[in-house]
$ cat coords13.json   # JSON, C-alpha atoms
[["chain", "number", "residue", "atom", "x", "y", "z"],
["M", 465, "MET", "CA", -38.45, -6.39, -98.73],
["M", 466, "LEU", "CA", -36.99, -4.47, -101.71],
["M", 467, "LYS", "CA", -38.99, -3.94, -104.85],
["M", 468, "LEU", "CA", -37.28, -5.16, -108.00],
["M", 469, "LYS", "CA", -37.37, -1.69, -109.62],
["M", 470, "SER", "CA", -35.43, -0.08, -106.78],
["M", 471, "LEU", "CA", -32.92, -2.88, -106.28],
["M", 472, "GLY", "CA", -30.05, -1.15, -108.12],
["M", 473, "LEU", "CA", -30.39, 2.09, -106.17],
["M", 474, "SER", "CA", -30.81, 0.20, -102.91],
["M", 475, "ILE", "CA", -27.58, -1.70, -103.46],
["M", 476, "ILE", "CA", -25.75, 1.59, -104.07],
["M", 477, "ALA", "CA", -27.38, 3.11, -100.98],
["M", 478, "VAL", "CA", -26.33, 0.15, -98.85],
["M", 479, "SER", "CA", -22.82, 0.51, -100.23],
["M", 480, "VAL", "CA", -22.76, 4.18, -99.26],
["M", 481, "VAL", "CA", -24.05, 3.40, -95.77],
["M", 482, "LEU", "CA", -21.57, 0.59, -95.16],
["M", 483, "GLY", "CA", -18.63, 2.49, -96.60],
["M", 484, "SER", "CA", -16.28, -0.46, -96.64],
["M", 485, "GLN", "CA", -18.35, -2.22, -99.27],
["M", 486, "ALA", "CA", -16.44, -2.10, -102.57],
["M", 487, "LEU", "CA", -18.57, -1.85, -105.68],
["M", 488, "ALA", "CA", -18.08, -4.65, -108.17],
["M", 489, "SER", "CA", -16.29, -2.50, -110.71],
["M", 490, "VAL", "CA", -15.19, 1.07, -111.17],
["M", 491, "PRO", "CA", -17.08, 2.90, -113.93],
["M", 492, "ALA", "CA", -14.86, 3.31, -117.01],
["M", 493, "SER", "CA", -15.24, 7.11, -116.94],
["M", 494, "VAL", "CA", -13.98, 7.28, -113.34],
["M", 495, "LEU", "CA", -11.12, 4.90, -114.10],
["M", 496, "ASP", "CA", -10.14, 6.96, -117.15],
["M", 497, "GLN", "CA", -10.18, 10.23, -115.15],
["M", 498, "TYR", "CA", -7.91, 8.78, -112.48],
["M", 499, "THR", "CA", -5.66, 7.25, -115.14],
["M", 500, "ASP", "CA", -5.31, 10.60, -116.90],
["M", 501, "SER", "CA", -4.46, 12.33, -113.64],
["M", 502, "TYR", "CA", -1.73, 9.86, -112.64],
["M", 503, "PHE", "CA", -0.44, 9.69, -116.23],
["M", 504, "TRP", "CA", -0.05, 13.47, -116.27],
["M", 505, "ASN", "CA", 1.94, 13.27, -113.04],
["M", 506, "VAL", "CA", 4.66, 11.24, -114.73],
["M", 507, "ASN", "CA", 4.26, 12.88, -118.14],
["M", 508, "PRO", "CA", 3.47, 16.55, -117.41],
["M", 509, "GLU", "CA", 4.30, 17.47, -121.02],
["M", 510, "MET", "CA", 1.09, 15.61, -121.98],
["M", 511, "LEU", "CA", -1.18, 17.57, -119.60],
["M", 512, "ASN", "CA", -4.66, 17.82, -121.14],
["M", 513, "ARG", "CA", -3.39, 16.45, -124.46],
["M", 514, "SER", "CA", -4.55, 13.32, -126.23],
["M", 515, "ILE", "CA", -2.11, 10.54, -126.93],
["M", 516, "GLN", "CA", -1.53, 10.33, -130.67],
["M", 517, "PRO", "CA", -1.39, 6.96, -132.48],
["M", 518, "TYR", "CA", 2.38, 7.26, -133.07],
["M", 519, "GLN", "CA", 3.04, 7.87, -129.33],
["M", 520, "THR", "CA", 3.15, 4.19, -128.47],
["M", 521, "GLN", "CA", 5.25, 4.55, -125.31],
["M", 522, "TYR", "CA", 2.76, 6.99, -123.82],
["M", 523, "LYS", "CA", -0.08, 4.61, -124.71],
["M", 524, "LYS", "CA", 1.72, 1.70, -123.01],
["M", 525, "GLU", "CA", 2.29, 3.77, -119.87],
["M", 526, "TRP", "CA", -1.33, 4.97, -119.80],
["M", 527, "LEU", "CA", -2.61, 1.41, -120.12],
["M", 528, "ALA", "CA", -0.22, 0.16, -117.41],
["M", 529, "ILE", "CA", -1.40, 2.91, -115.05],
["M", 530, "ARG", "CA", -5.03, 2.10, -115.84],
["M", 531, "GLU", "CA", -4.47, -1.57, -115.04],
["M", 532, "VAL", "CA", -2.98, -0.71, -111.64],
["M", 533, "LEU", "CA", -5.79, 1.69, -110.81],
["M", 534, "ASN", "CA", -8.43, -0.81, -111.89],
["M", 535, "ASN", "CA", -7.17, -3.00, -109.03],
["M", 536, "GLN", "CA", -6.60, -0.17, -106.52],
["M", 537, "LEU", "CA", -9.67, 2.10, -106.73],
["M", 538, "VAL", "CA", -12.42, 1.32, -104.25],
["M", 539, "TRP", "CA", -15.63, 2.92, -103.08],
["M", 540, "MET", "CA", -14.83, 4.42, -99.69],
["M", 541, "GLN", "CA", -15.26, 7.37, -97.36],
["M", 542, "LEU", "CA", -13.12, 10.11, -98.85],
["M", 543, "PRO", "CA", -10.25, 11.64, -96.89],
["M", 544, "LEU", "CA", -11.36, 14.62, -94.81],
["M", 545, "CYS", "CA", -8.62, 16.80, -96.31],
["M", 546, "TYR", "CA", -10.66, 17.23, -99.50],
["M", 547, "ALA", "CA", -14.19, 16.05, -98.76],
["M", 548, "GLU", "CA", -16.92, 16.73, -96.26],
["M", 549, "PRO", "CA", -17.24, 14.25, -93.38],
["M", 550, "GLY", "CA", -19.15, 11.17, -94.46],
["M", 551, "GLU", "CA", -18.72, 11.82, -98.19],
["M", 552, "TYR", "CA", -18.06, 8.71, -100.31],
["M", 553, "GLY", "CA", -16.51, 8.17, -103.70],
["M", 554, "TYR", "CA", -13.80, 6.28, -105.53],
["M", 555, "GLU", "CA", -10.30, 6.56, -104.15],
["M", 556, "VAL", "CA", -7.21, 4.42, -103.71],
["M", 557, "GLU", "CA", -7.35, 2.52, -100.44],
["M", 558, "ASP", "CA", -3.61, 2.40, -99.72],
["M", 559, "TYR", "CA", -1.90, 5.35, -101.36],
["M", 560, "GLY", "CA", 1.68, 4.23, -100.61],
["M", 561, "GLU", "CA", 1.05, 0.78, -102.07],
["M", 562, "THR", "CA", -0.62, 2.36, -105.09],
["M", 563, "VAL", "CA", 2.29, 4.73, -105.77],
["M", 564, "THR", "CA", 4.72, 1.81, -105.63],
["M", 565, "ALA", "CA", 2.55, -0.21, -108.03],
["M", 566, "LEU", "CA", 2.19, 2.78, -110.37],
["M", 567, "THR", "CA", 5.94, 3.45, -110.29],
["M", 568, "ASP", "CA", 6.66, -0.18, -111.13],
["M", 569, "ALA", "CA", 4.08, -0.13, -113.94],
["M", 570, "VAL", "CA", 5.60, 2.97, -115.56],
["M", 571, "PHE", "CA", 9.21, 1.87, -114.97],
["M", 572, "TYR", "CA", 8.80, -1.64, -116.38],
["M", 573, "THR", "CA", 6.84, -0.27, -119.35],
["M", 574, "ARG", "CA", 9.88, 1.88, -120.10],
["M", 575, "TYR", "CA", 12.25, -1.06, -119.59],
["M", 576, "PRO", "CA", 10.45, -4.17, -120.87],
["M", 577, "GLU", "CA", 13.78, -5.95, -121.32],
["M", 578, "LEU", "CA", 14.03, -6.24, -117.52],
["M", 579, "ASN", "CA", 10.95, -8.51, -117.55],
["M", 580, "GLY", "CA", 9.90, -7.18, -114.14],
["M", 581, "ARG", "CA", 13.04, -8.31, -112.34],
["M", 582, "LYS", "CA", 14.24, -6.28, -109.38],
["M", 583, "ILE", "CA", 16.75, -3.54, -110.02],
["M", 584, "ARG", "CA", 20.21, -4.46, -108.79],
["M", 585, "PRO", "CA", 21.94, -2.01, -106.40],
["M", 586, "GLU", "CA", 24.80, -1.51, -108.85],
["M", 587, "GLU", "CA", 22.33, -0.37, -111.54],
["M", 588, "THR", "CA", 22.41, 3.12, -110.11],
["M", 589, "ALA", "CA", 20.95, 4.87, -113.17],
["M", 590, "LEU", "CA", 17.91, 2.58, -113.08],
["M", 591, "VAL", "CA", 17.55, 3.02, -109.32],
["M", 592, "GLU", "CA", 17.62, 6.80, -109.78],
["M", 593, "GLU", "CA", 15.05, 6.67, -112.57],
["M", 594, "TRP", "CA", 12.71, 4.52, -110.45],
["M", 595, "LYS", "CA", 13.04, 7.04, -107.61],
["M", 596, "ALA", "CA", 12.44, 9.94, -110.02],
["M", 597, "ILE", "CA", 9.20, 8.35, -111.21],
["M", 598, "THR", "CA", 8.07, 7.89, -107.60],
["M", 599, "ARG", "CA", 8.76, 11.56, -106.87],
["M", 600, "MET", "CA", 6.42, 12.55, -109.72],
["M", 601, "PHE", "CA", 3.47, 11.42, -107.59],
["M", 602, "PRO", "CA", 2.34, 13.63, -104.70],
["M", 603, "PRO", "CA", 3.66, 12.38, -101.33],
["M", 604, "SER", "CA", 0.11, 11.84, -100.04],
["M", 605, "LEU", "CA", -3.51, 12.25, -101.01],
["M", 606, "CYS", "CA", -3.80, 15.46, -98.99]]
$ encode --input "coords13.json" --output "structure tokens"
Amino acid sequence: MLKLKSLGLSIIAVSVVLGSQALASVPASVLDQYTDSYFWNVNPEMLNRSIQPYQTQYKKEWLAIREVLNNQLVWMQLPLCYAEPGEYGYEVEDYGETVTALTDAVFYTRYPELNGRKIRPEETALVEEWKAITRMFPPSLC
């Protein structure tokens, strides 16, 4: 039986052991770090710079990316390409799905008048911009 004092650490330990167990919520600092990283992918001119109050479009994009990542980051065994075997941490579970969601978030933040509707094939400039945003993200985690 667990002692009440050690309950919090025991829950985390069980989560680490099980691996597939998602923690209830991602710590804000972790979520912000991931958000910054993905934001800088699509806005490299902002690398390591703070968003200023007058930069409302950047703020909207950052918040949209954060919302996507809040739903995509999970506690899991990290990919072997950048972690030791058996190492756990926060990562996106399905990278391809996450990149699509991030691309949509950024794109529809830039084009709110579309109200999230699908891009029509004849809207070639919009199709190309959506593809350009997708290319800003690395093709895989490794």
$ closest_residue --input "coords13.json" --among "M:Leu527, M:Ile515, M:Leu590, M:Ala492" --to "Leu578 in chain M" --atoms "all atoms listed in the file"
M:Leu590
$ closest_residue --input "coords13.json" --among "M:Val506, M:Val494, M:Ala547, M:Leu542" --to "Pro602 in chain M" --atoms "only C-alpha atoms"
M:Val506
$ atom_distance --input "coords13.json" --atom1 "CA of Met540 in chain M" --atom2 "CA of Ala565 in chain M"
19.8 Å
$ residues_around --input "coords13.json" --residues "range 570-576 of chain M" --least-positions-apart "4" --cutoff "8 Å" --atoms "all atoms listed in the file" --output "ChimeraX atom specification"
/M:521,524-525,528-529,566,580,593-594,597
$ atom_distance --input "coords13.json" --atom1 "CA of Ser604 in chain M" --atom2 "CA of Tyr498 in chain M"
15.1 Å
$ atom_distance --input "coords13.json" --atom1 "CA of Thr598 in chain M" --atom2 "CA of Glu509 in chain M"
16.9 Å
$ closest_residue --input "coords13.json" --among "M:Pro585, M:Thr499, M:Gln536, M:Asn579" --to "Lys523 in chain M" --atoms "only C-alpha atoms"
M:Thr499
$ axis_aligned_box --input "coords13.json" --around "range 520-524 of chain M" --padding-each-side "4 Å" --output "AutoDock Vina command-line options"
--center_x 2.6 --center_y 4.3 --center_z -125.7 --size_x 13.3 --size_y 13.3 --size_z 13.5
$ closest_residue --input "coords13.json" --among "M:Tyr552, M:Tyr546, M:Phe503, M:Trp539" --to "Tyr522 in chain M" --atoms "all atoms listed in the file"
M:Phe503
$ closest_residue --input "coords13.json" --among "M:Tyr502, M:Ser489, M:Arg599, M:Thr567" --to "Arg530 in chain M" --atoms "all atoms listed in the file"
M:Tyr502
$ closest_residue --input "coords13.json" --among "M:Pro549, M:Pro517, M:Asn505, M:Asn535" --to "Pro603 in chain M" --atoms "all atoms listed in the file"
M:Asn505
$ residues_near_point --input "coords13.json" --point "(-6.3, 2.9, -108.4)" --cutoff "7 Å" --atoms "all atoms listed in the file" --output "ChimeraX atom specification"
/M:532-537,555-556,562
$ decode --input "coords13.json" --residues "range 500-549 of chain M" --atoms "N, CA and C atoms" --output "PDB file, in the first residue's frame"
ATOM      1  N   ASP M 500       7.238  27.171 -28.805  1.00  0.00           N
ATOM      2  CA  ASP M 500       8.285  28.042 -29.353  1.00  0.00           C
ATOM      3  C   ASP M 500       9.009  27.352 -30.508  1.00  0.00           C
ATOM      4  N   SER M 501       9.377  26.111 -30.307  1.00  0.00           N
ATOM      5  CA  SER M 501      10.131  25.379 -31.317  1.00  0.00           C
ATOM      6  C   SER M 501       9.352  25.269 -32.632  1.00  0.00           C
ATOM      7  N   TYR M 502       8.097  24.866 -32.559  1.00  0.00           N
ATOM      8  CA  TYR M 502       7.283  24.738 -33.772  1.00  0.00           C
ATOM      9  C   TYR M 502       6.963  26.105 -34.373  1.00  0.00           C
ATOM     10  N   PHE M 503       6.757  27.100 -33.520  1.00  0.00           N
ATOM     11  CA  PHE M 503       6.515  28.464 -34.006  1.00  0.00           C
ATOM     12  C   PHE M 503       7.709  28.958 -34.803  1.00  0.00           C
ATOM     13  N   TRP M 504       8.917  28.707 -34.293  1.00  0.00           N
ATOM     14  CA  TRP M 504      10.125  29.156 -34.991  1.00  0.00           C
ATOM     15  C   TRP M 504      10.319  28.429 -36.314  1.00  0.00           C
ATOM     16  N   ASN M 505       9.784  27.211 -36.425  1.00  0.00           N
ATOM     17  CA  ASN M 505       9.857  26.514 -37.708  1.00  0.00           C
ATOM     18  C   ASN M 505       9.130  27.292 -38.797  1.00  0.00           C
ATOM     19  N   VAL M 506       7.960  27.803 -38.487  1.00  0.00           N
ATOM     20  CA  VAL M 506       7.170  28.510 -39.506  1.00  0.00           C
ATOM     21  C   VAL M 506       7.450  30.007 -39.538  1.00  0.00           C
ATOM     22  N   ASN M 507       8.147  30.499 -38.545  1.00  0.00           N
ATOM     23  CA  ASN M 507       8.517  31.915 -38.482  1.00  0.00           C
ATOM     24  C   ASN M 507       9.980  32.038 -38.072  1.00  0.00           C
ATOM     25  N   PRO M 508      10.904  31.567 -38.913  1.00  0.00           N
ATOM     26  CA  PRO M 508      12.320  31.566 -38.524  1.00  0.00           C
ATOM     27  C   PRO M 508      12.873  32.960 -38.230  1.00  0.00           C
ATOM     28  N   GLU M 509      12.254  33.990 -38.769  1.00  0.00           N
ATOM     29  CA  GLU M 509      12.699  35.358 -38.490  1.00  0.00           C
ATOM     30  C   GLU M 509      12.500  35.735 -37.021  1.00  0.00           C
ATOM     31  N   MET M 510      11.690  34.945 -36.302  1.00  0.00           N
ATOM     32  CA  MET M 510      11.423  35.215 -34.886  1.00  0.00           C
ATOM     33  C   MET M 510      12.256  34.338 -33.949  1.00  0.00           C
ATOM     34  N   LEU M 511      13.208  33.582 -34.491  1.00  0.00           N
ATOM     35  CA  LEU M 511      14.008  32.664 -33.694  1.00  0.00           C
ATOM     36  C   LEU M 511      14.603  33.367 -32.475  1.00  0.00           C
ATOM     37  N   ASN M 512      14.290  32.825 -31.313  1.00  0.00           N
ATOM     38  CA  ASN M 512      14.789  33.324 -30.016  1.00  0.00           C
ATOM     39  C   ASN M 512      14.413  34.779 -29.729  1.00  0.00           C
ATOM     40  N   ARG M 513      13.358  35.262 -30.369  1.00  0.00           N
ATOM     41  CA  ARG M 513      12.876  36.623 -30.106  1.00  0.00           C
ATOM     42  C   ARG M 513      11.492  36.537 -29.463  1.00  0.00           C
ATOM     43  N   SER M 514      11.192  37.494 -28.639  1.00  0.00           N
ATOM     44  CA  SER M 514       9.871  37.568 -28.015  1.00  0.00           C
ATOM     45  C   SER M 514       8.896  38.249 -28.960  1.00  0.00           C
ATOM     46  N   ILE M 515       7.670  37.797 -28.910  1.00  0.00           N
ATOM     47  CA  ILE M 515       6.614  38.431 -29.690  1.00  0.00           C
ATOM     48  C   ILE M 515       6.245  39.735 -28.988  1.00  0.00           C
ATOM     49  N   GLN M 516       6.254  40.808 -29.741  1.00  0.00           N
ATOM     50  CA  GLN M 516       5.921  42.124 -29.200  1.00  0.00           C
ATOM     51  C   GLN M 516       4.401  42.337 -29.233  1.00  0.00           C
ATOM     52  N   PRO M 517       3.876  43.188 -28.369  1.00  0.00           N
ATOM     53  CA  PRO M 517       2.427  43.401 -28.304  1.00  0.00           C
ATOM     54  C   PRO M 517       1.785  43.785 -29.644  1.00  0.00           C
ATOM     55  N   TYR M 518       2.495  44.512 -30.487  1.00  0.00           N
ATOM     56  CA  TYR M 518       1.928  44.937 -31.770  1.00  0.00           C
ATOM     57  C   TYR M 518       1.971  43.821 -32.825  1.00  0.00           C
ATOM     58  N   GLN M 519       2.647  42.714 -32.548  1.00  0.00           N
ATOM     59  CA  GLN M 519       2.763  41.604 -33.496  1.00  0.00           C
ATOM     60  C   GLN M 519       1.622  40.607 -33.281  1.00  0.00           C
ATOM     61  N   THR M 520       0.422  41.066 -33.543  1.00  0.00           N
ATOM     62  CA  THR M 520      -0.771  40.273 -33.232  1.00  0.00           C
ATOM     63  C   THR M 520      -0.872  38.996 -34.062  1.00  0.00           C
ATOM     64  N   GLN M 521      -0.436  39.024 -35.308  1.00  0.00           N
ATOM     65  CA  GLN M 521      -0.516  37.816 -36.133  1.00  0.00           C
ATOM     66  C   GLN M 521       0.396  36.725 -35.576  1.00  0.00           C
ATOM     67  N   TYR M 522       1.597  37.109 -35.177  1.00  0.00           N
ATOM     68  CA  TYR M 522       2.498  36.134 -34.568  1.00  0.00           C
ATOM     69  C   TYR M 522       1.876  35.554 -33.292  1.00  0.00           C
ATOM     70  N   LYS M 523       1.271  36.399 -32.497  1.00  0.00           N
ATOM     71  CA  LYS M 523       0.651  35.941 -31.246  1.00  0.00           C
ATOM     72  C   LYS M 523      -0.476  34.945 -31.547  1.00  0.00           C
ATOM     73  N   LYS M 524      -1.295  35.244 -32.554  1.00  0.00           N
ATOM     74  CA  LYS M 524      -2.379  34.326 -32.935  1.00  0.00           C
ATOM     75  C   LYS M 524      -1.827  32.976 -33.383  1.00  0.00           C
ATOM     76  N   GLU M 525      -0.753  33.008 -34.183  1.00  0.00           N
ATOM     77  CA  GLU M 525      -0.156  31.762 -34.659  1.00  0.00           C
ATOM     78  C   GLU M 525       0.442  30.973 -33.495  1.00  0.00           C
ATOM     79  N   TRP M 526       1.137  31.654 -32.586  1.00  0.00           N
ATOM     80  CA  TRP M 526       1.735  30.977 -31.435  1.00  0.00           C
ATOM     81  C   TRP M 526       0.656  30.298 -30.596  1.00  0.00           C
ATOM     82  N   LEU M 527      -0.429  31.020 -30.343  1.00  0.00           N
ATOM     83  CA  LEU M 527      -1.523  30.444 -29.549  1.00  0.00           C
ATOM     84  C   LEU M 527      -2.195  29.272 -30.256  1.00  0.00           C
ATOM     85  N   ALA M 528      -2.345  29.361 -31.581  1.00  0.00           N
ATOM     86  CA  ALA M 528      -2.944  28.260 -32.344  1.00  0.00           C
ATOM     87  C   ALA M 528      -2.050  27.019 -32.288  1.00  0.00           C
ATOM     88  N   ILE M 529      -0.751  27.218 -32.400  1.00  0.00           N
ATOM     89  CA  ILE M 529       0.204  26.105 -32.311  1.00  0.00           C
ATOM     90  C   ILE M 529       0.154  25.496 -30.917  1.00  0.00           C
ATOM     91  N   ARG M 530       0.102  26.336 -29.905  1.00  0.00           N
ATOM     92  CA  ARG M 530       0.050  25.852 -28.518  1.00  0.00           C
ATOM     93  C   ARG M 530      -1.198  25.006 -28.277  1.00  0.00           C
ATOM     94  N   GLU M 531      -2.324  25.433 -28.828  1.00  0.00           N
ATOM     95  CA  GLU M 531      -3.565  24.681 -28.660  1.00  0.00           C
ATOM     96  C   GLU M 531      -3.453  23.289 -29.286  1.00  0.00           C
ATOM     97  N   VAL M 532      -2.878  23.227 -30.482  1.00  0.00           N
ATOM     98  CA  VAL M 532      -2.687  21.923 -31.133  1.00  0.00           C
ATOM     99  C   VAL M 532      -1.783  21.041 -30.279  1.00  0.00           C
ATOM    100  N   LEU M 533      -0.662  21.579 -29.848  1.00  0.00           N
ATOM    101  CA  LEU M 533       0.291  20.782 -29.075  1.00  0.00           C
ATOM    102  C   LEU M 533      -0.273  20.361 -27.725  1.00  0.00           C
ATOM    103  N   ASN M 534      -1.107  21.167 -27.142  1.00  0.00           N
ATOM    104  CA  ASN M 534      -1.737  20.804 -25.877  1.00  0.00           C
ATOM    105  C   ASN M 534      -2.531  19.511 -26.023  1.00  0.00           C
ATOM    106  N   ASN M 535      -3.063  19.270 -27.222  1.00  0.00           N
ATOM    107  CA  ASN M 535      -3.839  18.053 -27.485  1.00  0.00           C
ATOM    108  C   ASN M 535      -2.991  16.921 -28.060  1.00  0.00           C
ATOM    109  N   GLN M 536      -1.764  17.204 -28.479  1.00  0.00           N
ATOM    110  CA  GLN M 536      -0.938  16.202 -29.159  1.00  0.00           C
ATOM    111  C   GLN M 536       0.224  15.669 -28.325  1.00  0.00           C
ATOM    112  N   LEU M 537       0.718  16.438 -27.359  1.00  0.00           N
ATOM    113  CA  LEU M 537       1.853  15.985 -26.561  1.00  0.00           C
ATOM    114  C   LEU M 537       1.414  14.953 -25.536  1.00  0.00           C
ATOM    115  N   VAL M 538       2.166  13.871 -25.462  1.00  0.00           N
ATOM    116  CA  VAL M 538       1.878  12.818 -24.487  1.00  0.00           C
ATOM    117  C   VAL M 538       3.180  12.354 -23.849  1.00  0.00           C
ATOM    118  N   TRP M 539       3.053  11.740 -22.703  1.00  0.00           N
ATOM    119  CA  TRP M 539       4.186  11.142 -22.014  1.00  0.00           C
ATOM    120  C   TRP M 539       4.412   9.779 -22.653  1.00  0.00           C
ATOM    121  N   MET M 540       5.595   9.559 -23.208  1.00  0.00           N
ATOM    122  CA  MET M 540       5.827   8.307 -23.925  1.00  0.00           C
ATOM    123  C   MET M 540       7.315   7.978 -23.962  1.00  0.00           C
ATOM    124  N   GLN M 541       7.619   6.756 -24.410  1.00  0.00           N
ATOM    125  CA  GLN M 541       9.015   6.400 -24.629  1.00  0.00           C
ATOM    126  C   GLN M 541       9.501   7.199 -25.822  1.00  0.00           C
ATOM    127  N   LEU M 542      10.612   7.887 -25.653  1.00  0.00           N
ATOM    128  CA  LEU M 542      11.123   8.761 -26.700  1.00  0.00           C
ATOM    129  C   LEU M 542      11.727   7.960 -27.843  1.00  0.00           C
ATOM    130  N   PRO M 543      11.657   8.505 -29.052  1.00  0.00           N
ATOM    131  CA  PRO M 543      12.249   7.809 -30.202  1.00  0.00           C
ATOM    132  C   PRO M 543      13.739   7.549 -29.983  1.00  0.00           C
ATOM    133  N   LEU M 544      14.184   6.388 -30.412  1.00  0.00           N
ATOM    134  CA  LEU M 544      15.578   5.985 -30.196  1.00  0.00           C
ATOM    135  C   LEU M 544      16.568   6.844 -30.967  1.00  0.00           C
ATOM    136  N   CYS M 545      16.107   7.587 -31.962  1.00  0.00           N
ATOM    137  CA  CYS M 545      17.022   8.406 -32.751  1.00  0.00           C
ATOM    138  C   CYS M 545      17.600   9.572 -31.948  1.00  0.00           C
ATOM    139  N   TYR M 546      16.961   9.943 -30.827  1.00  0.00           N
ATOM    140  CA  TYR M 546      17.529  11.032 -30.031  1.00  0.00           C
ATOM    141  C   TYR M 546      17.463  10.799 -28.525  1.00  0.00           C
ATOM    142  N   ALA M 547      17.181   9.583 -28.118  1.00  0.00           N
ATOM    143  CA  ALA M 547      17.139   9.283 -26.687  1.00  0.00           C
ATOM    144  C   ALA M 547      17.695   7.877 -26.457  1.00  0.00           C
ATOM    145  N   GLU M 548      18.106   7.642 -25.248  1.00  0.00           N
ATOM    146  CA  GLU M 548      18.584   6.315 -24.870  1.00  0.00           C
ATOM    147  C   GLU M 548      17.388   5.357 -24.802  1.00  0.00           C
ATOM    148  N   PRO M 549      17.608   4.076 -25.045  1.00  0.00           N
ATOM    149  CA  PRO M 549      16.513   3.110 -24.942  1.00  0.00           C
ATOM    150  C   PRO M 549      15.837   3.174 -23.575  1.00  0.00           C
TER     151      PRO M 549
END
